[in-house]
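Enquirer: This structure is in structure tokens; I'll ask about it shortly.
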Amino acid sequence: MKKLWLSFSHLFPTLIFLLLIPTSISQLTQTETRILFQVQKLLEYPQVLQGWNNWTNFCFLQPSPSLKIVCSNGHITELTVIGNRTSPSSHSSKPFQALSGTFSTDSFFTVMTKLSNLKVLSLVSLGLWGPLPEKINRFSSLEVLNISSNFITGEIPTSISSMKNLKSIVLADNLFIGNIPDLQSLTSLEEVNFDGNKLGPIFPSLGKNLVKIILRKNSIRSQIPPQFIIHFDKLQIFDISSNNFVGKIPFSMFSLPSLHYLDLSSNKFSGNLSMNLPCSSSLTYVDISHNFLVGKLPTCIMKSKAKVLYNWNCLSTKKLNDQQHGSSYCKKDAALAVKPLKTKVKKESSSMKLGLVLVIVGGVVGIACVFALLIVFILWKSKPERLNHNLDRSSVHKFSEKSNINARHVPQTMRQATHGQPPYNIFTEEEIEDATNNFDQSNLIGEGSQGQIYKGWLRDGSVVLINCIKIKQKGLPHRIMQHLDVLQNLRHRHMVSVLGHCVITHQEPPQVTSTVFIVLEYISNVSLRDQLTDGKKKEMLKWPQRMAISIGIARGVQFLHTGVAPGIFGNNLKIQNILLDDSLNAKVSGYKIPLPSKSTVNEQSASNQIASTSNAEKEDIYQLGVILLEIITGTQIASSSDVEQLKDELERGSSEAPSTILRSAIDPSLRGSYAYESMSTAVQITLNCLSKVSSTRPSIEDVLWNLQYSMQVQENWTSSGNLSTKF
């Protein structure tokens, strides 16, 4: 009895402790538990969440640097998940690690916003991609929002301005573009961090209670509004470095009472700083380097205890180790920085001077034109209707010819293609030279069908390929500009996408020489050919993986044919040019860059253009068939005779028993991994692609439909438990 009492006395404090724990804290609601498992699935089971299972008590998980969940009254109030995927600013040799193509930000945040009691949400380095939806404002209680180091694209939704409880917004290291929404109404907001995006060009409207403003590495091109300085008494950190700010630095900028960190470097600020400039005693760091400032440094800055950086301006200093440009540099470049504004003023001034003259002359000419138009109208109406009929027929004929070339343009395909892609850039010559180390031969990796290809590194650390295409023709500049509109649409998850371009034109009468630099994304993994010929890597490519790769290739080709107008045909498709990323997603490379050539410069009749387009389209289908043939057989194809031999084996086998097909022609490493109907469907569409009569070859839509059907059959077979069945 005594032992029982002793045991109970030891357990008693524990029981009391458990009874004191509110049930609302110790047990998360079933609804929110299900939501967390949905989040785990939508994020594609990141390593930090892989320990979650049906027995996990989420409210009592030990917090770590990568994961933190806080509950209150049975609801989640804080969720922090930090992954290990790369981001746009990563200096890793790995390619961007966004989530797969099935991920949708809209679906994801539809689920997330059901956690209606959240006050803190941090989703960092998880590979999120796509636009941030307007429904983000459903987080009515949210105080801290951090979705940094992802691949969020598009504009920041204006609905964020209605989230009245927000104290901190961190959207750094993403791919946001456009102007920042008006945030003045967010009176509780203390921190905004939009570092490392492409936001701009307007300086945002911000609330006056901010303590921390970081707009570093964006595309803001404006002056700092004078009224901005007046209200920000609480501001401690202000970093707008690496933008395109212009004009003078406001007089009171250095005297904000709470400011201790100020970084205005790498902008285009100009003019001089007043010698009587007041400085706040709280300043500990000031960086005004890499601008166009002239004159002397103010006394208060020179005597300040703060660390002050001011090199690479045009300042007059006495220190021997100071590095400054000559005064002419700042005058010239500062003028260029504000040139559009000055030009506009000149135009307005000129128009004022010419105003009276134009009004008088315009009145006289206007009256004369009215009489002339009346006469022309009367004559035109008196012409036989036959002329109108002929003109209409001619117009319709020309329109129909153009429509035939572009008839399969699919706008939806083009819209879907840009998900997860960084924004398109127009690069300067200097940026291209920097990226290639002035075209160092060690960075030359090959000669493509349209020019030399260099490996390069952009200033943000990302690795790219740069295709240098030289063109010599008469009357070329306007033709190049027409083609450049198409370039920025060549962005698709199953293509090596175009990230930007640079055009340099030199006059060499009577010709014009242009060099077009096409900047392409860099895929660091292997080609499909390498994967199929390497014994160990080949084992990773069972039939489901090969089907997914085949569908990816077909989607890339479909986009080239129908996702841009006019479609791009004659793409010289080769298995060596099908690249695989780390997730084995297929990307078509080496496709035709639509730039003017001798054949396109010469005038061609519409009928010839249509015939040429049709031939090139069917040639692409044949080349796709050759790639599919190698995927199915696993045999390296080196010549047209190899194609015919393998094709004959498949044709013979397709009329015999299933086991004979697999024994004689199919890659032996695929045995046991496919459904017979799935394989036979893929074989048949491959044979159709390889038809000797080009007119009987299928369209890319037909190819894609059959491959997707084959995949559907395969998935049904797999889920039915037939994995042990061998054909």
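Letters A, B, ... mark the chains of the structure tokens in the order given; residue numbers begin at 1 per chain; ligand numbers begin at 1, in order shown.
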Can you list every residue in segment 550-702 of chain A that DSSP puts in alpha helix (DSSP H), as number ranges by chain?

Expert: A: 550-562, 598-601, 606-633, 640-654, 658-664, 676-689, 700-702

Enquirer: Show me, as a count of residues only, the residues that have an atom within 6 Å of Lys217 of chain A when counting only C-alpha atoms, minus same-chain residues fewer than 3 positions from it.

Expert: 4

Enquirer: Considering only C-alpha atoms, return as an MDAnalysis selection string whatever protein or nucleic-acid residues lie within 9 Å of Leu704 of chain A, sequence-local ones (same chain, fewer than 5 positions apart) excluded.

Expert: chainID A and resid 550:551 554:555 558 699 709

Enquirer: Quick one, how far is atom CA of Pro257 of chain A from atom CA of Ser280 of chain A?

Expert: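 Rounded to one decimal, the two atoms are 5.7 Å apart.
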
Enquirer: So how far away is atom CA of Ile156 of chain A from atom CA of Pro133 of chain A, in Å?

Expert: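 Result for atom CA of Pro133 of chain A versus atom CA of Ile156 of chain A: 8.6 Å, one decimal.
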
Enquirer: Quick one: DSSP strand (DSSP E) residues in segment 39-87 of chain A, as a PDB file with N, CA, C and O atoms, in the first residue's frame?

Expert:
```
ATOM      1  N   LEU A  67      11.621  24.973 -38.856  1.00  0.00           N
ATOM      2  CA  LEU A  67      10.195  24.717 -38.671  1.00  0.00           C
ATOM      3  C   LEU A  67       9.737  25.181 -37.296  1.00  0.00           C
ATOM      4  O   LEU A  67      10.339  24.843 -36.281  1.00  0.00           O
ATOM      5  N   LYS A  68       8.652  25.939 -37.317  1.00  0.00           N
ATOM      6  CA  LYS A  68       8.067  26.392 -36.059  1.00  0.00           C
ATOM      7  C   LYS A  68       6.561  26.496 -36.217  1.00  0.00           C
ATOM      8  O   LYS A  68       6.070  27.106 -37.163  1.00  0.00           O
ATOM      9  N   ILE A  69       5.827  25.858 -35.304  1.00  0.00           N
ATOM     10  CA  ILE A  69       4.367  25.938 -35.291  1.00  0.00           C
ATOM     11  C   ILE A  69       3.937  26.362 -33.896  1.00  0.00           C
ATOM     12  O   ILE A  69       4.327  25.752 -32.898  1.00  0.00           O
ATOM     13  N   VAL A  70       3.150  27.416 -33.820  1.00  0.00           N
ATOM     14  CA  VAL A  70       2.616  27.911 -32.544  1.00  0.00           C
ATOM     15  C   VAL A  70       1.101  27.844 -32.610  1.00  0.00           C
ATOM     16  O   VAL A  70       0.490  28.246 -33.609  1.00  0.00           O
ATOM     17  N   CYS A  71       0.498  27.280 -31.546  1.00  0.00           N
ATOM     18  CA  CYS A  71      -0.958  27.141 -31.497  1.00  0.00           C
ATOM     19  C   CYS A  71      -1.522  27.960 -30.342  1.00  0.00           C
ATOM     20  O   CYS A  71      -0.854  28.217 -29.335  1.00  0.00           O
ATOM     21  N   SER A  72      -2.783  28.318 -30.494  1.00  0.00           N
ATOM     22  CA  SER A  72      -3.513  29.003 -29.429  1.00  0.00           C
ATOM     23  C   SER A  72      -4.987  28.674 -29.574  1.00  0.00           C
ATOM     24  O   SER A  72      -5.555  28.836 -30.661  1.00  0.00           O
ATOM     25  N   HIS A  75      -5.947  26.491 -32.523  1.00  0.00           N
ATOM     26  CA  HIS A  75      -5.718  27.010 -33.870  1.00  0.00           C
ATOM     27  C   HIS A  75      -4.250  27.399 -34.038  1.00  0.00           C
ATOM     28  O   HIS A  75      -3.593  27.811 -33.081  1.00  0.00           O
ATOM     29  N   ILE A  76      -3.762  27.294 -35.266  1.00  0.00           N
ATOM     30  CA  ILE A  76      -2.379  27.682 -35.555  1.00  0.00           C
ATOM     31  C   ILE A  76      -2.311  29.192 -35.696  1.00  0.00           C
ATOM     32  O   ILE A  76      -3.054  29.795 -36.482  1.00  0.00           O
ATOM     33  N   THR A  77      -1.408  29.808 -34.959  1.00  0.00           N
ATOM     34  CA  THR A  77      -1.215  31.258 -35.057  1.00  0.00           C
ATOM     35  C   THR A  77       0.123  31.623 -35.693  1.00  0.00           C
ATOM     36  O   THR A  77       0.310  32.753 -36.126  1.00  0.00           O
ATOM     37  N   GLU A  78       1.040  30.668 -35.725  1.00  0.00           N
ATOM     38  CA  GLU A  78       2.331  30.932 -36.374  1.00  0.00           C
ATOM     39  C   GLU A  78       2.797  29.682 -37.101  1.00  0.00           C
ATOM     40  O   GLU A  78       2.799  28.586 -36.539  1.00  0.00           O
ATOM     41  N   LEU A  79       3.199  29.867 -38.371  1.00  0.00           N
ATOM     42  CA  LEU A  79       3.749  28.764 -39.166  1.00  0.00           C
ATOM     43  C   LEU A  79       4.985  29.273 -39.902  1.00  0.00           C
ATOM     44  O   LEU A  79       4.898  30.175 -40.732  1.00  0.00           O
ATOM     45  N   THR A  80       6.117  28.687 -39.587  1.00  0.00           N
ATOM     46  CA  THR A  80       7.377  29.026 -40.244  1.00  0.00           C
ATOM     47  C   THR A  80       7.967  27.757 -40.853  1.00  0.00           C
ATOM     48  O   THR A  80       8.205  26.778 -40.137  1.00  0.00           O
ATOM     49  N   VAL A  81       8.158  27.767 -42.168  1.00  0.00           N
ATOM     50  CA  VAL A  81       8.769  26.640 -42.865  1.00  0.00           C
ATOM     51  C   VAL A  81       9.883  27.190 -43.753  1.00  0.00           C
ATOM     52  O   VAL A  81       9.632  28.017 -44.628  1.00  0.00           O
ATOM     53  N   ILE A  82      11.104  26.745 -43.522  1.00  0.00           N
ATOM     54  CA  ILE A  82      12.254  27.203 -44.303  1.00  0.00           C
ATOM     55  C   ILE A  82      12.869  25.991 -45.002  1.00  0.00           C
ATOM     56  O   ILE A  82      13.373  25.075 -44.351  1.00  0.00           O
TER      57      ILE A  82
END
```

Enquirer: Within 9 Å of Tyr424 of chain A, counting only C-alpha atoms, which residues show up once you throw out same-chain ones fewer than 4 positions away? Write them as a ChimeraX atom specification, please.

Expert: /A:488-489,498-501

Enquirer: One decimal, in Å: what's the spacing between atom CA of Asn179 of chain A and atom CA of Ser222 of chain A?

Expert: 11.7 Å

Enquirer: Need to verify the contact set: Ile202 of chain A, 12 Å, only C-alpha atoms, exclusion of same-chain residues closer than 4 positions in sequence. Can you return it as an MDAnalysis selection string?

Expert: chainID A and resid 177:182 198 215 218:225 243:246

Enquirer: I'd like the contact shell of Gln708 of chain A - 9 Å cut-off, only C-alpha atoms, skipping same-chain residues fewer than 4 positions apart - returned as a ChimeraX atom specification.

Expert: /A:547-548,551,703-704,712-713

Enquirer: Would you mind exporting N, CA, C and O atoms of the selected residues as a PDB file, in the first residue's frame?

Expert:
```pdb
ATOM      1  N   MET A 547       7.945   8.169 -70.711  1.00  0.00           N
ATOM      2  CA  MET A 547       6.703   8.755 -71.226  1.00  0.00           C
ATOM      3  C   MET A 547       6.594  10.226 -70.821  1.00  0.00           C
ATOM      4  O   MET A 547       6.207  11.082 -71.621  1.00  0.00           O
ATOM      5  N   ALA A 548       6.928  10.521 -69.559  1.00  0.00           N
ATOM      6  CA  ALA A 548       6.864  11.915 -69.081  1.00  0.00           C
ATOM      7  C   ALA A 548       7.822  12.795 -69.880  1.00  0.00           C
ATOM      8  O   ALA A 548       7.490  13.932 -70.242  1.00  0.00           O
ATOM      9  N   ILE A 551       6.370  13.353 -73.425  1.00  0.00           N
ATOM     10  CA  ILE A 551       5.285  14.345 -73.401  1.00  0.00           C
ATOM     11  C   ILE A 551       5.873  15.748 -73.252  1.00  0.00           C
ATOM     12  O   ILE A 551       5.424  16.700 -73.894  1.00  0.00           O
ATOM     13  N   VAL A 703       0.239  14.021 -82.022  1.00  0.00           N
ATOM     14  CA  VAL A 703       1.327  13.326 -81.316  1.00  0.00           C
ATOM     15  C   VAL A 703       1.142  13.458 -79.811  1.00  0.00           C
ATOM     16  O   VAL A 703       1.201  12.467 -79.064  1.00  0.00           O
ATOM     17  N   LEU A 704       0.898  14.681 -79.363  1.00  0.00           N
ATOM     18  CA  LEU A 704       0.751  14.937 -77.931  1.00  0.00           C
ATOM     19  C   LEU A 704      -0.448  14.184 -77.363  1.00  0.00           C
ATOM     20  O   LEU A 704      -0.372  13.590 -76.280  1.00  0.00           O
ATOM     21  N   GLN A 712      -1.825   7.861 -69.727  1.00  0.00           N
ATOM     22  CA  GLN A 712      -3.019   7.574 -68.933  1.00  0.00           C
ATOM     23  C   GLN A 712      -3.218   6.067 -68.777  1.00  0.00           C
ATOM     24  O   GLN A 712      -3.506   5.561 -67.690  1.00  0.00           O
ATOM     25  N   VAL A 713      -3.047   5.339 -69.870  1.00  0.00           N
ATOM     26  CA  VAL A 713      -3.153   3.875 -69.819  1.00  0.00           C
ATOM     27  C   VAL A 713      -2.110   3.308 -68.852  1.00  0.00           C
ATOM     28  O   VAL A 713      -2.394   2.419 -68.038  1.00  0.00           O
TER      29      VAL A 713
END
```
